[in-house]
Amino acid sequence: MNEMKFTYITCNISMVEQMEELLKELEIQVYQVIPKALAESNFDIPHKDTAVWPGFNAALMVQEEVSDKSQALMKRIEEMNHTAYNNSELIAAYQWTVNTFVLPEPVAPLQGSGALSD
């Protein structure tokens, strides 16, 4: 059974490229990246982008309707954590079911509206 899942992922900025590659590999197409998130965690030093606590995290928000893809995402993140070289390579992920949502449908531009077109 398919149901919408929302996955919140936070990781060191150095891991974002690997996370986006994983999303592409799993054919997950709907996600957002917040490229600079100041963070504290229980597994690494604070990332506050200051002289005292340099560095920062990124946050990814994933919306996926195919349950198998959502499960595979969580499994792969867990595997990545098991092979992490250090705590800065660890990835935190939280997933829950979305009961109510609105999926936008693409709209056709109005004819003669003067709007820019491709």
# chains A, B, ... in the order shown; residues from 1 in each chain; ligands from 1
call {"tool": "closest_atom_pairs", "arguments": {"of": "stretch 50-75 of chain A", "to": "stretch 98-105 of chain A", "cutoff": "12 Å", "atoms": "only C-alpha atoms", "output": "tab-separated table"}}
result
residue	atom	partner	partner_atom	distance
A:Val62	CA	A:Val98	CA	11.4
A:Gln63	CA	A:Val98	CA	8.9
A:Glu64	CA	A:Val98	CA	9.7
A:Glu65	CA	A:Val98	CA	9.5
A:Ser67	CA	A:Val98	CA	11.8
call {"tool": "residues_around", "arguments": {"residues": "A:Ile9", "least_positions_apart": "6", "cutoff": "10 Å", "atoms": "only C-alpha atoms", "output": "JSON, numbers by chain"}}
result
{"A": [16, 19, 33, 58, 59, 60, 61, 62, 74, 77, 91, 92, 93, 94, 95]}
call {"tool": "write_last_selection", "arguments": {"atoms": "N, CA and C atoms", "output": "PDB file, in the first residue's frame"}}
result
ATOM      1  N   VAL A  16      25.594  16.722   1.822  1.00  0.00           N
ATOM      2  CA  VAL A  16      24.405  17.030   1.008  1.00  0.00           C
ATOM      3  C   VAL A  16      24.505  16.439  -0.392  1.00  0.00           C
ATOM      4  N   MET A  19      23.625  12.903  -0.303  1.00  0.00           N
ATOM      5  CA  MET A  19      22.197  12.712  -0.064  1.00  0.00           C
ATOM      6  C   MET A  19      21.396  12.960  -1.337  1.00  0.00           C
ATOM      7  N   VAL A  33      15.849  21.382  -0.269  1.00  0.00           N
ATOM      8  CA  VAL A  33      17.103  21.461   0.469  1.00  0.00           C
ATOM      9  C   VAL A  33      17.198  22.843   1.108  1.00  0.00           C
ATOM     10  N   ALA A  58      22.838  21.048   6.777  1.00  0.00           N
ATOM     11  CA  ALA A  58      21.800  21.285   5.780  1.00  0.00           C
ATOM     12  C   ALA A  58      20.605  20.441   6.210  1.00  0.00           C
ATOM     13  N   ALA A  59      19.447  20.819   5.747  1.00  0.00           N
ATOM     14  CA  ALA A  59      18.234  20.037   6.010  1.00  0.00           C
ATOM     15  C   ALA A  59      17.595  19.695   4.675  1.00  0.00           C
ATOM     16  N   LEU A  60      17.134  18.475   4.567  1.00  0.00           N
ATOM     17  CA  LEU A  60      16.408  18.045   3.380  1.00  0.00           C
ATOM     18  C   LEU A  60      15.022  17.598   3.827  1.00  0.00           C
ATOM     19  N   MET A  61      14.021  17.995   3.082  1.00  0.00           N
ATOM     20  CA  MET A  61      12.649  17.586   3.361  1.00  0.00           C
ATOM     21  C   MET A  61      12.145  16.835   2.143  1.00  0.00           C
ATOM     22  N   VAL A  62      11.738  15.602   2.362  1.00  0.00           N
ATOM     23  CA  VAL A  62      11.376  14.714   1.265  1.00  0.00           C
ATOM     24  C   VAL A  62       9.908  14.324   1.403  1.00  0.00           C
ATOM     25  N   MET A  74      15.313   5.276   4.129  1.00  0.00           N
ATOM     26  CA  MET A  74      15.692   5.127   5.537  1.00  0.00           C
ATOM     27  C   MET A  74      16.751   4.036   5.708  1.00  0.00           C
ATOM     28  N   ILE A  77      20.150   5.339   4.494  1.00  0.00           N
ATOM     29  CA  ILE A  77      20.735   6.293   5.443  1.00  0.00           C
ATOM     30  C   ILE A  77      21.327   5.539   6.625  1.00  0.00           C
ATOM     31  N   ILE A  91      24.133  11.022   9.617  1.00  0.00           N
ATOM     32  CA  ILE A  91      22.925  11.635   9.076  1.00  0.00           C
ATOM     33  C   ILE A  91      21.759  11.267   9.976  1.00  0.00           C
ATOM     34  N   ALA A  92      20.982  12.269  10.378  1.00  0.00           N
ATOM     35  CA  ALA A  92      19.777  12.022  11.165  1.00  0.00           C
ATOM     36  C   ALA A  92      18.579  12.092  10.228  1.00  0.00           C
ATOM     37  N   ALA A  93      17.670  11.136  10.347  1.00  0.00           N
ATOM     38  CA  ALA A  93      16.478  11.110   9.494  1.00  0.00           C
ATOM     39  C   ALA A  93      15.273  10.714  10.336  1.00  0.00           C
ATOM     40  N   TYR A  94      14.173  11.411  10.098  1.00  0.00           N
ATOM     41  CA  TYR A  94      12.924  11.191  10.826  1.00  0.00           C
ATOM     42  C   TYR A  94      11.816  11.104   9.790  1.00  0.00           C
ATOM     43  N   GLN A  95      10.969  10.106   9.919  1.00  0.00           N
ATOM     44  CA  GLN A  95       9.953   9.889   8.885  1.00  0.00           C
ATOM     45  C   GLN A  95       8.594   9.664   9.519  1.00  0.00           C
TER      46      GLN A  95
END
call {"tool": "closest_residue", "arguments": {"among": "A:Glu78, A:Glu89, A:Glu40, A:Asp68", "to": "A:Cys11", "atoms": "only C-alpha atoms"}}
result
A:Glu89
call {"tool": "decode", "arguments": {"residues": "stretch 6-97 of chain A", "atoms": "C-alpha atoms", "output": "short mmCIF file (atom, residue, chain, number, x, y, z; two decimals), in the first residue's frame"}}
result
data_model
loop_
_atom_site.label_atom_id
_atom_site.label_comp_id
_atom_site.auth_asym_id
_atom_site.auth_seq_id
_atom_site.Cartn_x
_atom_site.Cartn_y
_atom_site.Cartn_z
CA PHE A 6 7.50 12.95 4.90
CA THR A 7 11.16 12.50 5.73
CA TYR A 8 13.18 15.18 7.50
CA ILE A 9 16.92 14.72 7.07
CA THR A 10 19.69 16.76 8.64
CA CYS A 11 23.39 16.32 8.00
CA ASN A 12 26.66 18.17 7.81
CA ILE A 13 26.79 20.36 4.70
CA SER A 14 29.59 18.08 3.43
CA MET A 15 27.06 15.22 3.07
CA VAL A 16 24.41 17.03 1.01
CA GLU A 17 25.81 16.01 -2.36
CA GLN A 18 25.77 12.34 -1.33
CA MET A 19 22.20 12.71 -0.06
CA GLU A 20 21.01 14.27 -3.32
CA GLU A 21 22.74 11.52 -5.29
CA LEU A 22 20.91 8.95 -3.14
CA LEU A 23 17.56 10.65 -3.80
CA LYS A 24 18.25 10.56 -7.54
CA GLU A 25 19.32 6.92 -7.36
CA LEU A 26 16.08 6.02 -5.56
CA GLU A 27 14.12 8.10 -8.11
CA ILE A 28 12.74 10.36 -5.40
CA GLN A 29 11.80 13.57 -7.19
CA VAL A 30 10.01 15.74 -4.64
CA TYR A 31 12.30 17.27 -2.05
CA GLN A 32 13.64 20.56 -0.80
CA VAL A 33 17.10 21.46 0.47
CA ILE A 34 17.70 24.10 3.10
CA PRO A 35 21.41 24.65 2.50
CA LYS A 36 22.30 26.33 5.78
CA ALA A 37 20.85 25.07 9.04
CA LEU A 38 22.50 25.89 12.36
CA ALA A 39 22.40 22.77 14.48
CA GLU A 40 23.13 21.01 17.72
CA SER A 41 22.90 17.27 18.15
CA ASN A 42 23.74 14.52 20.59
CA PHE A 43 26.27 12.91 18.23
CA ASP A 44 28.52 15.75 17.03
CA ILE A 45 29.79 19.17 18.04
CA PRO A 46 27.47 22.13 17.43
CA HIS A 47 27.46 23.54 13.92
CA LYS A 48 26.68 27.24 14.44
CA ASP A 49 28.75 28.88 11.67
CA THR A 50 30.67 30.95 14.23
CA ALA A 51 34.35 31.26 15.17
CA VAL A 52 33.69 29.13 18.25
CA TRP A 53 31.45 26.53 16.54
CA PRO A 54 32.35 26.56 12.82
CA GLY A 55 30.46 24.71 10.14
CA PHE A 56 26.77 24.21 9.56
CA ASN A 57 24.27 21.57 8.60
CA ALA A 58 21.80 21.28 5.78
CA ALA A 59 18.23 20.04 6.01
CA LEU A 60 16.41 18.04 3.38
CA MET A 61 12.65 17.59 3.36
CA VAL A 62 11.38 14.71 1.27
CA GLN A 63 7.80 13.94 0.25
CA GLU A 64 7.31 10.49 -1.28
CA GLU A 65 4.14 8.59 -2.20
CA VAL A 66 5.77 5.22 -2.92
CA SER A 67 6.28 3.35 0.36
CA ASP A 68 9.10 1.17 -1.01
CA LYS A 69 11.12 4.27 -1.90
CA SER A 70 10.59 5.80 1.55
CA GLN A 71 11.64 2.57 3.25
CA ALA A 72 14.68 2.24 0.98
CA LEU A 73 15.71 5.81 1.80
CA MET A 74 15.69 5.13 5.54
CA LYS A 75 17.55 1.83 5.09
CA ARG A 76 20.26 3.44 2.95
CA ILE A 77 20.73 6.29 5.44
CA GLU A 78 21.15 3.72 8.20
CA GLU A 79 23.75 1.90 6.09
CA MET A 80 25.59 5.17 5.42
CA ASN A 81 25.73 5.82 9.17
CA HIS A 82 27.23 2.38 9.81
CA THR A 83 30.09 3.18 7.43
CA ALA A 84 30.62 6.80 8.52
CA TYR A 85 34.26 7.79 8.93
CA ASN A 86 33.50 10.20 11.77
CA ASN A 87 30.57 11.86 13.56
CA SER A 88 30.40 14.67 11.01
CA GLU A 89 29.37 12.12 8.39
CA LEU A 90 26.39 10.89 10.42
CA ILE A 91 22.93 11.63 9.08
CA ALA A 92 19.78 12.02 11.17
CA ALA A 93 16.48 11.11 9.49
CA TYR A 94 12.92 11.19 10.83
CA GLN A 95 9.95 9.89 8.88
CA TRP A 96 6.23 10.02 9.39
CA THR A 97 3.01 9.44 7.48
#
